[in-house]
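Student: If it helps, the file is called protein.txt and holds compact mmCIF, C-alpha atoms and all ligand atoms:
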# COMPACT_ATOMS: atom_id res chain seq x y z
CA MET A 1 -37.22 80.48 -32.09
CA THR A 2 -36.17 83.10 -29.63
CA TYR A 3 -32.60 83.58 -28.50
CA LEU A 4 -30.60 81.11 -26.44
CA ALA A 5 -27.04 82.15 -25.49
CA PRO A 6 -24.19 79.81 -26.49
CA CYS A 7 -23.86 78.39 -22.95
CA TYR A 8 -27.25 76.65 -23.24
CA ARG A 9 -28.14 73.71 -25.44
CA TYR A 10 -30.62 70.89 -25.65
CA ASN A 11 -29.02 67.50 -25.24
CA ASP A 12 -31.41 64.63 -25.98
CA GLY A 13 -34.34 66.98 -25.46
CA THR A 14 -33.14 68.33 -22.10
CA LEU A 15 -31.77 71.82 -21.45
CA PHE A 16 -28.15 72.02 -20.29
CA VAL A 17 -26.06 74.90 -18.97
CA ASN A 18 -22.72 74.06 -20.58
CA ASP A 19 -22.26 70.41 -19.57
CA VAL A 20 -24.66 70.43 -16.64
CA ASN A 21 -28.15 69.00 -16.93
CA ILE A 22 -30.58 71.39 -15.23
CA LYS A 23 -32.67 68.40 -14.16
CA ASP A 24 -29.73 67.16 -12.06
CA VAL A 25 -29.58 70.42 -10.13
CA ALA A 26 -33.35 70.46 -9.67
CA LYS A 27 -33.31 66.88 -8.37
CA SER A 28 -31.55 67.88 -5.17
CA HIS A 29 -32.54 71.54 -4.84
CA GLU A 30 -35.81 73.41 -4.55
CA THR A 31 -37.05 75.63 -7.32
CA PRO A 32 -37.03 78.44 -8.16
CA PHE A 33 -33.27 78.98 -8.41
CA TYR A 34 -30.84 80.99 -10.47
CA ILE A 35 -28.12 79.23 -12.42
CA TYR A 36 -25.21 81.02 -14.10
CA SER A 37 -22.56 79.97 -16.59
CA ALA A 38 -18.99 80.93 -15.70
CA THR A 39 -17.95 80.11 -19.26
CA GLN A 40 -20.46 82.56 -20.70
CA ILE A 41 -19.41 85.32 -18.30
CA ARG A 42 -15.75 84.86 -19.29
CA GLN A 43 -16.77 84.80 -22.94
CA ASN A 44 -18.75 88.05 -22.58
CA ILE A 45 -15.75 89.78 -21.00
CA ARG A 46 -13.50 88.44 -23.75
CA ALA A 47 -15.85 89.68 -26.47
CA PHE A 48 -15.90 93.17 -24.95
CA LYS A 49 -12.11 93.27 -24.58
CA THR A 50 -11.61 92.00 -28.13
CA ALA A 51 -13.82 94.77 -29.48
CA LEU A 52 -12.09 97.45 -27.38
CA ASN A 53 -8.62 96.17 -28.25
CA SER A 54 -9.35 96.42 -31.95
CA ALA A 55 -9.58 100.19 -31.51
CA LEU A 56 -7.82 101.07 -28.23
CA ASP A 57 -4.57 100.33 -26.44
CA PRO A 58 -5.37 97.95 -23.54
CA GLN A 59 -2.99 99.96 -21.33
CA ASN A 60 -5.31 102.93 -21.62
CA TYR A 61 -8.50 101.51 -20.18
CA THR A 62 -9.97 99.65 -17.22
CA ILE A 63 -13.21 97.68 -17.21
CA CYS A 64 -15.05 98.19 -13.92
CA TYR A 65 -17.91 95.67 -13.80
CA ALA A 66 -21.12 97.33 -12.57
CA CYS A 67 -21.82 94.80 -9.86
CA LYS A 68 -25.36 95.91 -9.11
CA ALA A 69 -26.27 93.71 -12.09
CA LEU A 70 -25.23 90.60 -10.13
CA ASN A 71 -23.25 91.00 -6.93
CA ASN A 72 -22.88 87.41 -5.74
CA ILE A 73 -19.32 87.26 -4.41
CA SER A 74 -18.44 84.10 -6.35
CA VAL A 75 -19.49 85.78 -9.59
CA MET A 76 -17.69 88.99 -8.65
CA SER A 77 -14.48 86.98 -7.92
CA LEU A 78 -14.75 85.25 -11.26
CA ILE A 79 -15.04 88.64 -12.98
CA ALA A 80 -12.17 90.10 -10.92
CA GLU A 81 -10.01 87.14 -12.00
CA GLN A 82 -10.54 88.27 -15.57
CA GLY A 83 -8.83 91.55 -14.68
CA CYS A 84 -11.94 93.68 -14.19
CA GLY A 85 -12.41 96.24 -11.45
CA ALA A 86 -15.80 97.11 -9.99
CA ASP A 87 -18.32 99.92 -10.25
CA ILE A 88 -20.17 100.00 -6.93
CA VAL A 89 -23.23 101.96 -5.83
CA SER A 90 -23.29 101.32 -2.07
CA GLY A 91 -21.16 100.48 0.95
CA GLY A 92 -22.56 96.96 0.77
CA GLU A 93 -21.23 96.56 -2.75
CA LEU A 94 -17.88 97.96 -1.59
CA THR A 95 -17.67 95.23 1.05
CA ARG A 96 -18.58 92.65 -1.58
CA ALA A 97 -15.99 93.95 -4.05
CA LEU A 98 -13.28 93.80 -1.37
CA HIS A 99 -14.35 90.25 -0.41
CA ALA A 100 -14.14 89.32 -4.09
CA ASN A 101 -10.52 90.55 -4.14
CA VAL A 102 -11.13 93.45 -6.49
CA PRO A 103 -8.09 95.73 -6.06
CA PRO A 104 -9.29 98.99 -4.42
CA GLY A 105 -7.38 100.88 -7.11
CA ASN A 106 -9.87 99.46 -9.62
CA ILE A 107 -13.05 100.36 -7.72
CA VAL A 108 -15.20 103.35 -8.64
CA PHE A 109 -18.16 104.49 -6.53
CA SER A 110 -21.24 105.80 -8.38
CA GLY A 111 -24.70 106.83 -7.18
CA VAL A 112 -26.63 109.96 -6.17
CA GLY A 113 -27.04 109.22 -2.48
CA LYS A 114 -23.80 108.07 -0.86
CA ASN A 115 -24.04 108.58 2.89
CA ASP A 116 -21.26 109.65 5.27
CA GLN A 117 -20.38 106.13 6.41
CA GLU A 118 -20.17 104.91 2.82
CA ILE A 119 -17.93 107.80 1.80
CA GLU A 120 -15.65 107.23 4.78
CA HIS A 121 -15.49 103.49 4.08
CA ALA A 122 -14.61 104.20 0.44
CA LEU A 123 -11.90 106.73 1.32
CA ASN A 124 -10.40 104.49 3.99
CA SER A 125 -10.37 101.62 1.48
CA LYS A 126 -8.42 103.83 -0.95
CA ILE A 127 -10.67 103.17 -3.93
CA ARG A 128 -9.71 104.71 -7.25
CA GLN A 129 -12.35 107.41 -7.36
CA ILE A 130 -15.71 108.59 -6.18
CA ASN A 131 -18.00 109.65 -9.03
CA VAL A 132 -19.61 112.80 -7.66
CA GLU A 133 -23.23 113.52 -8.56
CA SER A 134 -23.99 116.78 -6.71
CA ALA A 135 -22.42 119.83 -5.07
CA ALA A 136 -23.70 118.71 -1.67
CA GLU A 137 -21.97 115.36 -2.12
CA LEU A 138 -18.68 117.05 -3.04
CA TYR A 139 -18.78 119.14 0.14
CA ARG A 140 -19.50 116.02 2.24
CA ILE A 141 -16.57 114.20 0.65
CA GLU A 142 -14.33 117.21 1.29
CA ALA A 143 -15.35 117.44 4.95
CA ILE A 144 -14.81 113.71 5.53
CA ALA A 145 -11.46 113.74 3.70
CA GLN A 146 -10.39 116.73 5.80
CA ARG A 147 -11.29 114.90 9.01
CA LEU A 148 -9.33 111.84 7.83
CA ASN A 149 -6.52 114.17 6.72
CA ILE A 150 -6.41 112.71 3.19
CA THR A 151 -7.10 113.84 -0.37
CA ALA A 152 -10.15 112.28 -2.03
CA PRO A 153 -9.87 111.40 -5.74
CA VAL A 154 -13.10 112.30 -7.53
CA VAL A 155 -14.57 112.59 -11.00
CA PHE A 156 -17.75 114.49 -11.77
CA ARG A 157 -20.69 112.82 -13.42
CA LEU A 158 -21.72 114.86 -16.43
CA ASN A 159 -25.35 114.57 -17.50
CA PRO A 160 -25.08 115.10 -21.26
CA ASP A 161 -28.87 115.38 -21.77
CA VAL A 162 -29.03 112.58 -24.33
CA LYS A 163 -31.96 110.21 -24.65
CA ALA A 164 -30.91 106.57 -24.37
CA GLY A 165 -32.09 103.29 -22.94
CA ALA A 166 -34.65 100.69 -23.78
CA HIS A 167 -37.28 101.96 -21.34
CA GLU A 168 -37.87 105.31 -19.65
CA LYS A 169 -37.10 103.69 -16.29
CA ILE A 170 -33.58 102.80 -17.43
CA SER A 171 -32.74 106.11 -19.10
CA THR A 172 -30.31 108.08 -16.93
CA GLY A 173 -28.66 110.73 -19.10
CA GLN A 174 -31.44 113.26 -19.69
CA LYS A 175 -31.72 116.49 -17.79
CA GLU A 176 -34.97 115.37 -16.14
CA ASN A 177 -33.17 112.41 -14.55
CA LYS A 178 -31.77 112.57 -11.02
CA PHE A 179 -28.31 111.57 -12.23
CA GLY A 180 -25.26 113.72 -12.80
CA LEU A 181 -24.62 117.45 -13.18
CA ASN A 182 -24.93 119.77 -16.14
CA ALA A 183 -21.80 121.12 -17.81
CA GLU A 184 -21.90 124.45 -16.02
CA GLN A 185 -22.25 122.79 -12.62
CA VAL A 186 -19.36 120.41 -13.34
CA MET A 187 -17.19 123.34 -14.39
CA ASP A 188 -17.99 125.26 -11.18
CA LEU A 189 -17.34 122.24 -8.97
CA TYR A 190 -14.15 121.40 -10.83
CA ARG A 191 -12.88 124.90 -10.12
CA TYR A 192 -13.83 124.53 -6.47
CA ALA A 193 -12.15 121.12 -6.25
CA GLU A 194 -8.94 122.38 -7.82
CA ASN A 195 -8.67 124.85 -4.96
CA SER A 196 -9.47 122.34 -2.23
CA ALA A 197 -6.64 120.75 -0.25
CA HIS A 198 -8.70 117.59 0.29
CA ILE A 199 -10.15 116.89 -3.15
CA MET A 200 -8.23 115.72 -6.18
CA PRO A 201 -10.40 116.14 -9.31
CA ARG A 202 -9.37 113.58 -11.92
CA GLY A 203 -11.92 114.02 -14.69
CA ILE A 204 -15.50 113.20 -15.55
CA SER A 205 -17.87 110.26 -15.83
CA LEU A 206 -21.10 109.69 -17.69
CA HIS A 207 -23.63 106.87 -17.91
CA ILE A 208 -26.56 107.55 -20.18
CA GLY A 209 -28.85 104.55 -19.86
CA SER A 210 -29.16 100.81 -20.05
CA GLN A 211 -29.95 98.09 -22.58
CA LEU A 212 -28.69 100.17 -25.51
CA ILE A 213 -28.71 98.22 -28.76
CA ASP A 214 -28.45 101.26 -31.00
CA MET A 215 -25.01 102.81 -30.42
CA HIS A 216 -25.90 106.28 -31.74
CA PRO A 217 -26.64 107.78 -28.31
CA TYR A 218 -23.06 106.97 -27.32
CA ASP A 219 -21.82 108.81 -30.39
CA THR A 220 -23.75 111.90 -29.32
CA ALA A 221 -22.91 111.69 -25.63
CA TYR A 222 -19.20 110.90 -26.06
CA LYS A 223 -18.79 113.83 -28.44
CA ILE A 224 -20.32 116.08 -25.77
CA ALA A 225 -18.01 114.57 -23.14
CA ALA A 226 -14.93 115.06 -25.33
CA ASP A 227 -15.83 118.69 -25.97
CA PHE A 228 -16.28 119.16 -22.26
CA ILE A 229 -12.80 117.75 -21.56
CA LEU A 230 -11.43 120.32 -24.01
CA SER A 231 -13.21 123.10 -22.17
CA LEU A 232 -11.75 121.86 -18.86
CA ARG A 233 -8.33 122.01 -20.45
CA SER A 234 -8.91 125.49 -21.80
CA GLU A 235 -9.55 126.53 -18.18
CA GLY A 236 -6.10 125.19 -17.36
CA PHE A 237 -7.27 121.99 -15.68
CA THR A 238 -5.52 118.65 -16.28
CA PRO A 239 -8.00 115.78 -16.07
CA ASP A 240 -6.48 112.30 -16.45
CA THR A 241 -9.63 110.11 -16.38
CA ILE A 242 -12.84 109.68 -18.32
CA ASP A 243 -15.33 107.10 -17.10
CA LEU A 244 -17.60 106.20 -20.01
CA GLY A 245 -20.23 104.28 -18.05
CA GLY A 246 -22.05 101.12 -19.08
CA GLY A 247 -25.36 100.46 -20.74
CA ILE A 248 -24.54 98.20 -23.67
CA GLY A 249 -27.54 95.98 -24.33
CA ILE A 250 -27.94 92.24 -24.81
CA ILE A 251 -30.21 89.99 -26.82
CA TYR A 252 -33.17 88.96 -24.69
CA ASP A 253 -35.53 87.83 -27.40
CA ARG A 254 -35.46 89.18 -30.94
CA GLU A 255 -33.22 92.23 -30.53
CA ASP A 256 -30.23 92.66 -32.81
CA ALA A 257 -26.87 91.99 -31.19
CA PRO A 258 -25.26 95.22 -29.99
CA ASP A 259 -22.43 96.33 -32.26
CA LEU A 260 -19.45 96.12 -29.89
CA ALA A 261 -16.95 96.99 -32.62
CA GLY A 262 -19.10 100.00 -33.50
CA TYR A 263 -19.06 101.03 -29.85
CA ALA A 264 -15.26 100.73 -29.72
CA ALA A 265 -15.01 102.81 -32.91
CA ILE A 266 -17.09 105.58 -31.30
CA VAL A 267 -14.75 105.58 -28.30
CA ALA A 268 -11.73 105.61 -30.60
CA LYS A 269 -13.16 108.51 -32.58
CA HIS A 270 -14.15 110.88 -29.76
CA ILE A 271 -12.36 109.80 -26.61
CA ALA A 272 -9.07 108.00 -27.30
CA PRO A 273 -7.40 111.06 -28.91
CA LEU A 274 -7.78 112.92 -25.61
CA GLY A 275 -5.09 110.70 -24.08
CA LEU A 276 -7.01 110.10 -20.84
CA HIS A 277 -7.33 106.84 -18.94
CA MET A 278 -10.68 105.39 -20.00
CA MET A 279 -12.99 103.41 -17.74
CA PHE A 280 -15.92 101.27 -18.81
CA GLU A 281 -18.71 100.12 -16.53
CA PRO A 282 -20.58 97.29 -18.23
CA GLY A 283 -23.03 95.36 -16.06
CA ARG A 284 -25.78 93.71 -18.07
CA MET A 285 -23.60 92.70 -21.01
CA ILE A 286 -21.22 90.78 -18.72
CA VAL A 287 -23.77 88.63 -16.91
CA GLY A 288 -27.20 89.13 -18.50
CA ASN A 289 -27.30 86.24 -20.95
CA ALA A 290 -25.31 83.98 -18.58
CA GLY A 291 -28.18 83.37 -16.16
CA LEU A 292 -31.41 81.40 -16.06
CA LEU A 293 -34.19 81.44 -13.51
CA VAL A 294 -35.36 77.83 -13.22
CA SER A 295 -38.87 77.26 -11.99
CA ARG A 296 -41.55 74.57 -11.78
CA VAL A 297 -45.09 74.68 -13.02
CA ILE A 298 -47.46 74.71 -10.05
CA TYR A 299 -50.79 74.77 -11.88
CA ILE A 300 -52.36 75.12 -15.26
CA LYS A 301 -55.45 77.26 -14.80
CA GLU A 302 -58.10 77.59 -17.49
CA THR A 303 -60.63 80.40 -17.61
CA ASP A 304 -63.28 81.23 -20.24
CA SER A 305 -60.83 83.30 -22.22
CA LYS A 306 -57.36 82.16 -21.25
CA ALA A 307 -55.02 79.48 -20.04
CA PHE A 308 -52.56 80.46 -17.32
CA LEU A 309 -49.33 78.69 -16.57
CA ILE A 310 -48.61 79.39 -12.91
CA THR A 311 -44.95 78.99 -12.02
CA ASP A 312 -43.31 78.79 -8.61
CA ALA A 313 -41.13 81.78 -9.57
CA GLY A 314 -42.72 85.17 -9.17
CA MET A 315 -42.02 88.87 -9.41
CA ASN A 316 -40.18 88.73 -6.09
CA ASP A 317 -37.63 86.45 -7.77
CA LEU A 318 -37.43 88.29 -11.10
CA MET A 319 -38.82 91.78 -10.93
CA ARG A 320 -37.88 93.09 -14.36
CA PRO A 321 -41.11 92.23 -16.21
CA ALA A 322 -43.17 94.03 -13.55
CA LEU A 323 -40.76 96.97 -13.26
CA TYR A 324 -39.71 97.56 -16.87
CA ASP A 325 -42.05 95.42 -19.00
CA SER A 326 -39.01 93.30 -19.83
CA VAL A 327 -39.17 90.08 -21.77
CA HIS A 328 -37.55 86.92 -20.41
CA PRO A 329 -38.36 84.12 -22.84
CA ILE A 330 -39.43 80.87 -21.22
CA PHE A 331 -38.01 77.51 -22.30
CA GLU A 332 -39.21 74.08 -21.29
CA VAL A 333 -36.35 72.21 -19.65
CA GLU A 334 -37.60 68.94 -21.12
CA LYS A 335 -38.89 69.20 -24.66
CA SER A 336 -42.21 67.55 -25.27
CA ASP A 337 -42.38 64.70 -27.78
CA SER A 338 -45.49 66.22 -29.26
CA GLN A 339 -45.38 69.18 -31.63
CA ASP A 340 -48.75 70.54 -30.46
CA THR A 341 -48.59 73.94 -28.86
CA LYS A 342 -50.99 75.99 -26.83
CA SER A 343 -51.03 79.63 -25.78
CA PHE A 344 -50.51 80.51 -22.11
CA ASP A 345 -50.15 83.61 -19.99
CA VAL A 346 -47.17 82.77 -17.82
CA VAL A 347 -47.66 84.14 -14.32
CA GLY A 348 -46.18 83.85 -10.85
CA PRO A 349 -47.91 83.14 -7.52
CA VAL A 350 -47.46 86.63 -6.02
CA CYS A 351 -50.62 88.54 -5.21
CA GLU A 352 -50.11 91.39 -7.68
CA SER A 353 -51.60 91.76 -11.14
CA SER A 354 -48.16 92.75 -12.40
CA ASP A 355 -46.74 89.33 -11.48
CA VAL A 356 -46.78 88.28 -15.13
CA PHE A 357 -43.80 86.95 -17.07
CA SER A 358 -45.39 86.87 -20.52
CA LEU A 359 -48.73 86.92 -22.30
CA ASP A 360 -49.96 84.60 -25.07
CA THR A 361 -46.87 82.42 -25.02
CA ALA A 362 -46.75 79.29 -27.13
CA LEU A 363 -45.71 76.26 -25.08
CA SER A 364 -46.21 72.53 -25.45
CA ALA A 365 -49.86 71.66 -25.24
CA ASP A 366 -49.05 68.86 -22.79
CA ILE A 367 -46.99 70.95 -20.37
CA ALA A 368 -48.04 69.94 -16.87
CA LYS A 369 -47.66 70.43 -13.15
CA ASP A 370 -44.09 69.92 -11.88
CA ASP A 371 -42.52 70.43 -15.29
CA LEU A 372 -39.38 72.52 -15.16
CA VAL A 373 -39.14 75.76 -17.12
CA ALA A 374 -36.31 78.29 -17.47
CA PHE A 375 -36.52 82.03 -17.99
CA THR A 376 -33.56 83.29 -20.02
CA GLY A 377 -31.66 86.56 -19.77
CA ALA A 378 -31.95 86.42 -15.99
CA GLY A 379 -28.28 86.95 -15.09
CA ALA A 380 -28.47 90.73 -14.75
CA TYR A 381 -30.84 92.56 -12.40
CA GLY A 382 -32.47 89.25 -11.47
CA ALA A 383 -31.19 87.88 -8.17
CA THR A 384 -29.94 91.31 -7.07
CA MET A 385 -33.45 92.73 -7.27
CA SER A 386 -35.16 89.81 -5.55
CA SER A 387 -37.12 90.21 -2.35
CA SER A 388 -39.08 88.15 0.14
CA TYR A 389 -42.40 89.81 -0.76
CA ASN A 390 -45.36 87.62 0.23
CA ALA A 391 -42.99 85.99 2.79
CA ARG A 392 -41.47 84.00 -0.03
CA LYS A 393 -37.98 82.61 0.10
CA ILE A 394 -35.15 84.34 -1.77
CA ALA A 395 -33.95 81.94 -4.44
CA ALA A 396 -30.68 80.00 -4.32
CA GLU A 397 -27.95 80.66 -6.88
CA PHE A 398 -25.76 78.09 -8.66
CA LEU A 399 -22.66 78.54 -10.78
CA VAL A 400 -21.74 76.15 -13.59
CA ASP A 401 -18.19 75.85 -14.89
CA GLY A 402 -17.92 73.21 -17.62
CA ASP A 403 -19.42 70.05 -16.13
CA VAL A 404 -19.08 71.23 -12.51
CA TRP A 405 -21.79 73.08 -10.63
CA LYS A 406 -21.95 74.42 -7.12
CA CYS A 407 -24.34 76.32 -4.92
CA ILE A 408 -23.01 79.87 -4.52
CA LYS A 409 -25.92 81.07 -2.38
CA ARG A 410 -28.34 78.97 -0.42
CA PRO A 411 -31.96 80.06 -0.36
CA ILE A 412 -32.92 82.61 2.30
CA THR A 413 -35.98 81.01 3.81
CA ASN A 414 -38.87 82.45 5.74
CA GLU A 415 -37.40 80.72 8.82
CA ASP A 416 -34.18 82.67 8.26
CA LEU A 417 -36.11 85.90 8.02
CA LEU A 418 -38.17 85.19 11.15
CA GLN A 419 -34.96 85.28 13.17
CA PHE A 420 -34.76 89.01 12.58
CA GLU A 421 -38.24 89.71 13.89
CA ASN A 422 -39.14 90.26 17.49
CA TYR A 423 -42.36 88.26 17.74
CA THR A 424 -41.99 87.01 21.30
CA LEU A 425 -43.26 90.33 22.71
CA LYS A 426 -46.87 89.24 22.63
CA SER A 427 -46.41 86.18 24.86
CA ASP A 428 -44.48 88.34 27.34
CA ASP A 429 -47.36 90.67 28.22
C1 LIG A 501 -26.14 100.58 -13.56
C2 LIG A 501 -24.93 101.33 -13.95
C3 LIG A 501 -24.03 100.77 -14.86
C4 LIG A 501 -24.27 99.47 -15.57
O1 LIG A 501 -25.31 99.54 -16.49
P1 LIG A 501 -25.57 98.33 -17.51
O2 LIG A 501 -26.70 98.78 -18.33
O3 LIG A 501 -25.90 97.14 -16.67
O4 LIG A 501 -24.31 98.13 -18.28
C5 LIG A 501 -22.87 101.47 -15.14
N1 LIG A 501 -22.62 102.67 -14.55
C6 LIG A 501 -23.46 103.23 -13.68
C7 LIG A 501 -23.12 104.53 -13.07
C8 LIG A 501 -24.64 102.58 -13.34
O5 LIG A 501 -25.49 103.14 -12.47
Please, can you express the file's structure as structure tokens?

Tutor:
Amino acid sequence: MTYLAPCYRYNDGTLFVNDVNIKDVAKSHETPFYIYSATQIRQNIRAFKTALNSALDPQNYTICYACKALNNISVMSLIAEQGCGADIVSGGELTRALHANVPPGNIVFSGVGKNDQEIEHALNSKIRQINVESAAELYRIEAIAQRLNITAPVVFRLNPDVKAGAHEKISTGQKENKFGLNAEQVMDLYRYAENSAHIMPRGISLHIGSQLIDMHPYDTAYKIAADFILSLRSEGFTPDTIDLGGGIGIIYDREDAPDLAGYAAIVAKHIAPLGLHMMFEPGRMIVGNAGLLVSRVIYIKETDSKAFLITDAGMNDLMRPALYDSVHPIFEVEKSDSQDTKSFDVVGPVCESSDVFSLDTALSADIAKDDLVAFTGAGAYGATMSSSYNARKIAAEFLVDGDVWKCIKRPITNEDLLQFENYTLKSDD
């Protein structure tokens, strides 16, 4: 059997999220919808902290949750309550982080294309640091800080040229990628920043990729980062911060569990002795296994060669299989009494050949229209990547805490979206 996170269990043949029966939620709410476990999110944070604390002094680090993984404000508040800051990648995420009561002093702003308004918003909000990804960006930040008559705290994103990540589309730390700066560029910009009245350089950041199960790339990259800190110091600079990025993987299907203690040991070996404040930016590992996408079977379609299970969830709801060939195992919410299985290609209703969740998947032979199914591992990069493609609604989101559940986002319907379109013009002429 494939992986089910601890927050899910079958009770009398029916799938529960903690103490909530998914069928109860589906009784009063349309599918597809996302459902998250608060307990699992807290547990994931605790597991990460436990691993870090076995090797590091908790005073010396801050966890800044990479909220692009799941930026629902209720979820972000829950994570902030656990003492985490936020890693944001847009002005919209800054607004969300502030709404979720993340202290600005624990917000870091990453991304290659921050525009002027976003930079100004970040500086006015007094966030901890902007992670600079280009010379042009540094000069924009300097000009805006000068106009506001303030000093902007920045770190520079070092691209260590290390291969990492489960898929080429989620590898970010190689020199071909758009992210970060090479060592020579960082050194030049650091020198420039030291001489600027409106920039305060605080150190460096790096983020090498996502869904890392093998921790070796961190070993390589963090060694490079540590050596670079030493070369900054030999130039007479006094960095106080190193932002170590995110990227730790999760079990989706049959992966090994990532070795969190091994990760902490790598940090302790290369980074802790530098005496800098360390920042971590986990996204996926905080929320990934804590979310399900619940859907209903619309049709079973048989062709000469195949049987298709057509679900009411599609690639607009969960884009990862189409974008990254990711696997989100499917579970039947109500287990069949019969042991007979049959092989299906599980597909969505969207008019794209890539709207496929999985091929040749064994499911109950008697699975039928209207049966509920759940895709696991949908907490990270699920709802945040959803769209209204094919004029489909954007799915609702629910949060479970123990035996309590609540709607934390209502669906965005086609009627909602029509309000933004000017379609009365035609009748006017
Ligand atoms: C996306 C991102 C993260 C989080 O990555 P995960 O793989 O979800 O942990 C962290 N830092 C930066 C700069 C990112 O872009």

Student: What's the 10 Å shell around range 109-121 of chain A, counting all atoms listed in the file, without same-chain residues fewer than 2 positions away, as a ChimeraX atom specification?

Tutor: /A:66,86-95,107,123-134,137,140-141,143-145,147-148,152,154-157,178-180,205,207,245

Student: For ligand LIG 501 (chain A), return the neighbouring residues as an mmCIF file with C-alpha atoms, in the frame of the given file (distance at most 9 Å; only C-alpha atoms and all ligand atoms).

Tutor:
data_model
loop_
_atom_site.group_PDB
_atom_site.id
_atom_site.type_symbol
_atom_site.label_atom_id
_atom_site.label_comp_id
_atom_site.auth_asym_id
_atom_site.auth_seq_id
_atom_site.Cartn_x
_atom_site.Cartn_y
_atom_site.Cartn_z
ATOM 1 C CA CYS A 64 -15.050 98.190 -13.920
ATOM 2 C CA TYR A 65 -17.910 95.670 -13.800
ATOM 3 C CA ALA A 66 -21.120 97.330 -12.570
ATOM 4 C CA CYS A 67 -21.820 94.800 -9.860
ATOM 5 C CA LYS A 68 -25.360 95.910 -9.110
ATOM 6 C CA ALA A 69 -26.270 93.710 -12.090
ATOM 7 C CA ASP A 87 -18.320 99.920 -10.250
ATOM 8 C CA ILE A 88 -20.170 100.000 -6.930
ATOM 9 C CA VAL A 89 -23.230 101.960 -5.830
ATOM 10 C CA PHE A 109 -18.160 104.490 -6.530
ATOM 11 C CA SER A 110 -21.240 105.800 -8.380
ATOM 12 C CA GLY A 111 -24.700 106.830 -7.180
ATOM 13 C CA ASN A 131 -18.000 109.650 -9.030
ATOM 14 C CA ARG A 157 -20.690 112.820 -13.420
ATOM 15 C CA GLY A 165 -32.090 103.290 -22.940
ATOM 16 C CA ILE A 170 -33.580 102.800 -17.430
ATOM 17 C CA THR A 172 -30.310 108.080 -16.930
ATOM 18 C CA PHE A 179 -28.310 111.570 -12.230
ATOM 19 C CA SER A 205 -17.870 110.260 -15.830
ATOM 20 C CA LEU A 206 -21.100 109.690 -17.690
ATOM 21 C CA HIS A 207 -23.630 106.870 -17.910
ATOM 22 C CA ILE A 208 -26.560 107.550 -20.180
ATOM 23 C CA GLY A 209 -28.850 104.550 -19.860
ATOM 24 C CA SER A 210 -29.160 100.810 -20.050
ATOM 25 C CA GLN A 211 -29.950 98.090 -22.580
ATOM 26 C CA LEU A 212 -28.690 100.170 -25.510
ATOM 27 C CA ASP A 243 -15.330 107.100 -17.100
ATOM 28 C CA LEU A 244 -17.600 106.200 -20.010
ATOM 29 C CA GLY A 245 -20.230 104.280 -18.050
ATOM 30 C CA GLY A 246 -22.050 101.120 -19.080
ATOM 31 C CA GLY A 247 -25.360 100.460 -20.740
ATOM 32 C CA ILE A 248 -24.540 98.200 -23.670
ATOM 33 C CA GLY A 249 -27.540 95.980 -24.330
ATOM 34 C CA PHE A 280 -15.920 101.270 -18.810
ATOM 35 C CA GLU A 281 -18.710 100.120 -16.530
ATOM 36 C CA PRO A 282 -20.580 97.290 -18.230
ATOM 37 C CA GLY A 283 -23.030 95.360 -16.060
ATOM 38 C CA ARG A 284 -25.780 93.710 -18.070
ATOM 39 C CA MET A 285 -23.600 92.700 -21.010
ATOM 40 C CA ILE A 286 -21.220 90.780 -18.720
ATOM 41 C CA VAL A 287 -23.770 88.630 -16.910
ATOM 42 C CA GLY A 288 -27.200 89.130 -18.500
ATOM 43 C CA ALA A 380 -28.470 90.730 -14.750
ATOM 44 C CA TYR A 381 -30.840 92.560 -12.400
#

Student: Which one is closest to Tyr190 in chain A: A:Asp325, A:Asp214, A:Asp337, A:Glu235? Count all atoms listed in the file.

Tutor: A:Glu235

Student: Can you work out which one of A:Ala395, A:Ile213, A:Ile199, A:Leu318 has the shortest atom-to-atom distance to His167 in chain A, counting only C-alpha atoms?

Tutor: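 Looking only at the distances to His167 in chain A, the closest residue turns out to be A:Ile213.
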
Student: May I ask which of the residues A:Glu302, A:Ala135, A:Gly377, A:Lys163 is the closest one to Thr220 in chain A, counting all atoms listed in the file?

Tutor: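 Distance minimum relative to Thr220 in chain A lands on A:Lys163.
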
Student: Can you measure CA of Ile250 in chain A to CA of Phe357 in chain A for me? One decimal in Å is fine.

Tutor: 18.4 Å

Student: Give me the residues within 10 Å of Ala226 in chain A as a ChimeraX atom specification, counting all atoms listed in the file and dropping any in the same chain fewer than 6 places off.

Tutor: /A:204,232,242,267,269-274

Student: Take the selection from the previous step and output its residues with C-alpha atoms, as a compact mmCIF listing (two decimals), keeping the file's coordinate frame.

Tutor:
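Everything below was put into again-v4.txt:
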# COMPACT_ATOMS: atom_id res chain seq x y z
CA ILE A 204 -15.50 113.20 -15.55
CA LEU A 232 -11.75 121.86 -18.86
CA ILE A 242 -12.84 109.68 -18.32
CA VAL A 267 -14.75 105.58 -28.30
CA LYS A 269 -13.16 108.51 -32.58
CA HIS A 270 -14.15 110.88 -29.76
CA ILE A 271 -12.36 109.80 -26.61
CA ALA A 272 -9.07 108.00 -27.30
CA PRO A 273 -7.40 111.06 -28.91
CA LEU A 274 -7.78 112.92 -25.61

Student: I want to know what sits within 8 Å of Pro411 in chain A, based on only C-alpha atoms, with residues of the same chain fewer than 3 positions away left out; could you give that as number ranges by chain?

Tutor: A: 393-397

Student: Select, from A:Ala164, A:Leu260, A:Ala378, A:Leu372, the residue with the minimum atom-to-atom distance to Thr14 in chain A, counting all atoms listed in the file.

Tutor: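 Using all atoms listed in the file, Thr14 in chain A sits closest to A:Leu372.
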